[in-house]
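Here's the structure we're looking at; comments come further down.
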Amino acid sequence: MAPFLAAGKPVRLLEIGIAAGGSLAIWEALLPPGSRITGIDIHPACAVLPFGPAVDVHILDASDPAALDAALGDAVFDIIIDDGSHRSEHVIATFGACFRRLAPRGIYIVEDLHASYWPDWGGRYRAPGSSIEFLKTLVDALHADHFAPWDTGIPEDERARLVVQGAEITRVTFHDSIAVIERGSDTRSAPYPPRLKRRRSRPGCDFTGPRGRIARGIGRHRRVLGPRGAG
Ligand SMILES: C[S@@+](CC[C@H](N)C(=O)[O-])C[C@H]1O[C@@H](n2cnc3c(N)ncnc32)[C@H](O)[C@@H]1O
């Protein structure tokens with residue numbers, strides 16, 4: 001958030017989950033003049049909360065793309081915050097429905113991720129389908145251009161999906177209970193060149209980069225001290 005506040009330019013913010021309106025009131029007070037704040041909640045009572053003219057409220061299910069299209073048209077946002085139900089299935093579906101509304105260089109924030117470890121919130125440690133496990137796959141998406149073409153352990157449809165998803169993501173940051181996913185300035189059309197080069201003829205034996213220097217060091221150590229380094 002800090003770079004957006006420091007820039008002092010109007011910000012387009014979408015928050016999923018209004019409840020009593022506490023966070024929208026904070027954004028109203030905090031964001032630079034000219035900012036637009038859009039709140040979404042599934043509960044009709046949120047429609048009558050008193051906000052200033054910078055705030056729009058929509059009553060809908062944030063995981064429903066058709067409802068989002070009807071309410072928001074083609075609007076995009078610099079900041080999207082998911083502070084909705086925190087149930088894993090909703091977090092994942094909401095990301096699927098809302099991430100495409102993130103503007104270039106925008107950030108998508110998922111709050112209260114600790115709920116993804118709670119069985120009664122649709123989560124559990126390392127459970128397939130938990131929101132934290134889904135968000136970890138975005139780390140794979142970020143690196144999908146670098147998957148080895150000869151790695152047959154990656155299903156083709158999964159590889160293709162992750163490449164497409166990864167092209168739109170430039171950074172994934174995890175904090176305690178919060179994930180921040182950042183969109184690039186544009187959709188990446190080619191892989192970033194890796195700094196560590198591989199030699200296909202000798203997979204796993206790269207002696208050109210920092211790992212190679214470590215491997216060469218271990219080799220020298222073994223030659224001097226014997227195979228177990230025990231002398
Ligand atoms: C944690 S509260 C929001 C708190 C608020 N952001 C604040 O900090 O003041 C969660 C809200 O999300 C709403 N919610 C739950 N599921 C939702 C969904 N699928 N779509 C939109 N809103 C949802 C609930 O009605 C509830 O008001």
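Chain labels A, B, ... are given in the sequence in which chains occur in the structure tokens; within each chain residues are numbered consecutively from 1, and ligands are likewise numbered from 1 in the order shown.
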Could the residues that lie within 9 Å of ligand 1, counting only C-alpha atoms and all ligand atoms, be listed as a PyMOL selection string? chain A and resi 15-26+39-46+58-64+81-87+90-91+93-94+111-112
Considering only C-alpha atoms, return as a list in words whatever protein or nucleic-acid residues lie within 9 Å of region 164-174 of chain A, sequence-local ones (same chain, fewer than 4 positions apart) excluded.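 Here the answer would be Pro104, Arg105, Leu135, Lys136, Leu138, Val139, Asp140, Ala141, Leu142, His143, Ala144, Asp145, Arg159, Ala160, Ile178, Ala179, Val180, Ile181, Glu182, Arg183, Gly184, Ser185, Asp186, Thr187, Arg188, Ser189, Ala190 and Pro191 of chain A.
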Residue subset to file, keeping N, CA and C atoms, as a PDB file, in the first residue's frame:
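The result, stored in result.pdb:
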ATOM      1  N   PRO A 104      -2.443  -3.094 -14.523  1.00  0.00           N
ATOM      2  CA  PRO A 104      -0.992  -3.285 -14.535  1.00  0.00           C
ATOM      3  C   PRO A 104      -0.349  -2.608 -13.322  1.00  0.00           C
ATOM      4  N   ARG A 105       0.608  -3.290 -12.709  1.00  0.00           N
ATOM      5  CA  ARG A 105       1.317  -2.866 -11.496  1.00  0.00           C
ATOM      6  C   ARG A 105       0.402  -2.839 -10.260  1.00  0.00           C
ATOM      7  N   LEU A 135      -2.538 -20.632  -3.305  1.00  0.00           N
ATOM      8  CA  LEU A 135      -1.644 -19.478  -3.470  1.00  0.00           C
ATOM      9  C   LEU A 135      -0.201 -19.915  -3.691  1.00  0.00           C
ATOM     10  N   LYS A 136       0.173 -21.056  -3.088  1.00  0.00           N
ATOM     11  CA  LYS A 136       1.529 -21.563  -3.341  1.00  0.00           C
ATOM     12  C   LYS A 136       1.708 -21.930  -4.820  1.00  0.00           C
ATOM     13  N   LEU A 138       0.794 -20.263  -7.208  1.00  0.00           N
ATOM     14  CA  LEU A 138       1.144 -19.044  -7.951  1.00  0.00           C
ATOM     15  C   LEU A 138       2.663 -18.859  -7.980  1.00  0.00           C
ATOM     16  N   VAL A 139       3.338 -19.399  -6.971  1.00  0.00           N
ATOM     17  CA  VAL A 139       4.811 -19.380  -6.990  1.00  0.00           C
ATOM     18  C   VAL A 139       5.302 -20.260  -8.143  1.00  0.00           C
ATOM     19  N   ASP A 140       4.631 -21.409  -8.351  1.00  0.00           N
ATOM     20  CA  ASP A 140       4.966 -22.245  -9.512  1.00  0.00           C
ATOM     21  C   ASP A 140       4.666 -21.492 -10.807  1.00  0.00           C
ATOM     22  N   ALA A 141       3.514 -20.804 -10.839  1.00  0.00           N
ATOM     23  CA  ALA A 141       3.140 -20.063 -12.055  1.00  0.00           C
ATOM     24  C   ALA A 141       4.192 -19.014 -12.396  1.00  0.00           C
ATOM     25  N   LEU A 142       4.718 -18.378 -11.362  1.00  0.00           N
ATOM     26  CA  LEU A 142       5.744 -17.355 -11.561  1.00  0.00           C
ATOM     27  C   LEU A 142       6.972 -17.926 -12.253  1.00  0.00           C
ATOM     28  N   HIS A 143       7.220 -19.233 -12.051  1.00  0.00           N
ATOM     29  CA  HIS A 143       8.420 -19.869 -12.598  1.00  0.00           C
ATOM     30  C   HIS A 143       8.109 -20.809 -13.774  1.00  0.00           C
ATOM     31  N   ALA A 144       6.865 -20.782 -14.258  1.00  0.00           N
ATOM     32  CA  ALA A 144       6.449 -21.788 -15.241  1.00  0.00           C
ATOM     33  C   ALA A 144       7.259 -21.727 -16.528  1.00  0.00           C
ATOM     34  N   ASP A 145       7.757 -20.545 -16.885  1.00  0.00           N
ATOM     35  CA  ASP A 145       8.588 -20.443 -18.099  1.00  0.00           C
ATOM     36  C   ASP A 145       9.872 -21.238 -17.969  1.00  0.00           C
ATOM     37  N   ARG A 159       0.846 -27.376 -17.084  1.00  0.00           N
ATOM     38  CA  ARG A 159       1.976 -26.555 -17.539  1.00  0.00           C
ATOM     39  C   ARG A 159       1.450 -25.342 -18.308  1.00  0.00           C
ATOM     40  N   ALA A 160       0.509 -25.599 -19.251  1.00  0.00           N
ATOM     41  CA  ALA A 160      -0.020 -24.512 -20.083  1.00  0.00           C
ATOM     42  C   ALA A 160      -0.760 -23.487 -19.226  1.00  0.00           C
ATOM     43  N   ILE A 178      -1.262 -13.105   5.388  1.00  0.00           N
ATOM     44  CA  ILE A 178      -1.583 -12.236   4.246  1.00  0.00           C
ATOM     45  C   ILE A 178      -0.725 -12.646   3.049  1.00  0.00           C
ATOM     46  N   ALA A 179      -1.334 -12.702   1.877  1.00  0.00           N
ATOM     47  CA  ALA A 179      -0.559 -12.878   0.638  1.00  0.00           C
ATOM     48  C   ALA A 179      -0.804 -11.666  -0.251  1.00  0.00           C
ATOM     49  N   VAL A 180       0.254 -11.245  -0.939  1.00  0.00           N
ATOM     50  CA  VAL A 180       0.150 -10.120  -1.873  1.00  0.00           C
ATOM     51  C   VAL A 180       0.630 -10.604  -3.243  1.00  0.00           C
ATOM     52  N   ILE A 181      -0.240 -10.498  -4.239  1.00  0.00           N
ATOM     53  CA  ILE A 181       0.116 -10.914  -5.590  1.00  0.00           C
ATOM     54  C   ILE A 181       0.143  -9.659  -6.447  1.00  0.00           C
ATOM     55  N   GLU A 182       1.274  -9.463  -7.128  1.00  0.00           N
ATOM     56  CA  GLU A 182       1.455  -8.227  -7.884  1.00  0.00           C
ATOM     57  C   GLU A 182       1.386  -8.523  -9.374  1.00  0.00           C
ATOM     58  N   ARG A 183       0.677  -7.684 -10.088  1.00  0.00           N
ATOM     59  CA  ARG A 183       0.603  -7.832 -11.547  1.00  0.00           C
ATOM     60  C   ARG A 183       1.749  -7.047 -12.185  1.00  0.00           C
ATOM     61  N   GLY A 184       2.293  -7.541 -13.270  1.00  0.00           N
ATOM     62  CA  GLY A 184       3.375  -6.836 -13.954  1.00  0.00           C
ATOM     63  C   GLY A 184       2.854  -5.612 -14.690  1.00  0.00           C
ATOM     64  N   SER A 185       3.788  -4.845 -15.268  1.00  0.00           N
ATOM     65  CA  SER A 185       3.372  -3.651 -16.014  1.00  0.00           C
ATOM     66  C   SER A 185       2.680  -4.061 -17.311  1.00  0.00           C
ATOM     67  N   ASP A 186       3.004  -5.247 -17.816  1.00  0.00           N
ATOM     68  CA  ASP A 186       2.232  -5.804 -18.928  1.00  0.00           C
ATOM     69  C   ASP A 186       2.309  -7.326 -18.840  1.00  0.00           C
ATOM     70  N   THR A 187       1.552  -8.002 -19.699  1.00  0.00           N
ATOM     71  CA  THR A 187       1.584  -9.467 -19.675  1.00  0.00           C
ATOM     72  C   THR A 187       2.888  -9.937 -20.305  1.00  0.00           C
ATOM     73  N   ARG A 188       3.651 -10.752 -19.570  1.00  0.00           N
ATOM     74  CA  ARG A 188       4.958 -11.205 -20.056  1.00  0.00           C
ATOM     75  C   ARG A 188       4.766 -12.101 -21.282  1.00  0.00           C
ATOM     76  N   SER A 189       5.472 -11.784 -22.370  1.00  0.00           N
ATOM     77  CA  SER A 189       5.295 -12.587 -23.580  1.00  0.00           C
ATOM     78  C   SER A 189       6.462 -13.535 -23.809  1.00  0.00           C
ATOM     79  N   ALA A 190       7.555 -13.366 -23.040  1.00  0.00           N
ATOM     80  CA  ALA A 190       8.716 -14.258 -23.184  1.00  0.00           C
ATOM     81  C   ALA A 190       9.326 -14.451 -21.806  1.00  0.00           C
ATOM     82  N   PRO A 191       9.977 -15.591 -21.587  1.00  0.00           N
ATOM     83  CA  PRO A 191      10.586 -15.819 -20.270  1.00  0.00           C
ATOM     84  C   PRO A 191      11.669 -14.800 -19.976  1.00  0.00           C
TER      85      PRO A 191
END
Tell me, in Å to one decimal, how far CA of Gly106 (chain A) is from CA of Asp78 (chain A). 4.3 Å
Give the answer as one residue: which of A:Ala6, A:Leu72, A:Leu113, A:Val11 has the shortest atom-to-atom distance to Ile92 (chain A), using only C-alpha atoms?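 Closest candidate: A:Leu113.
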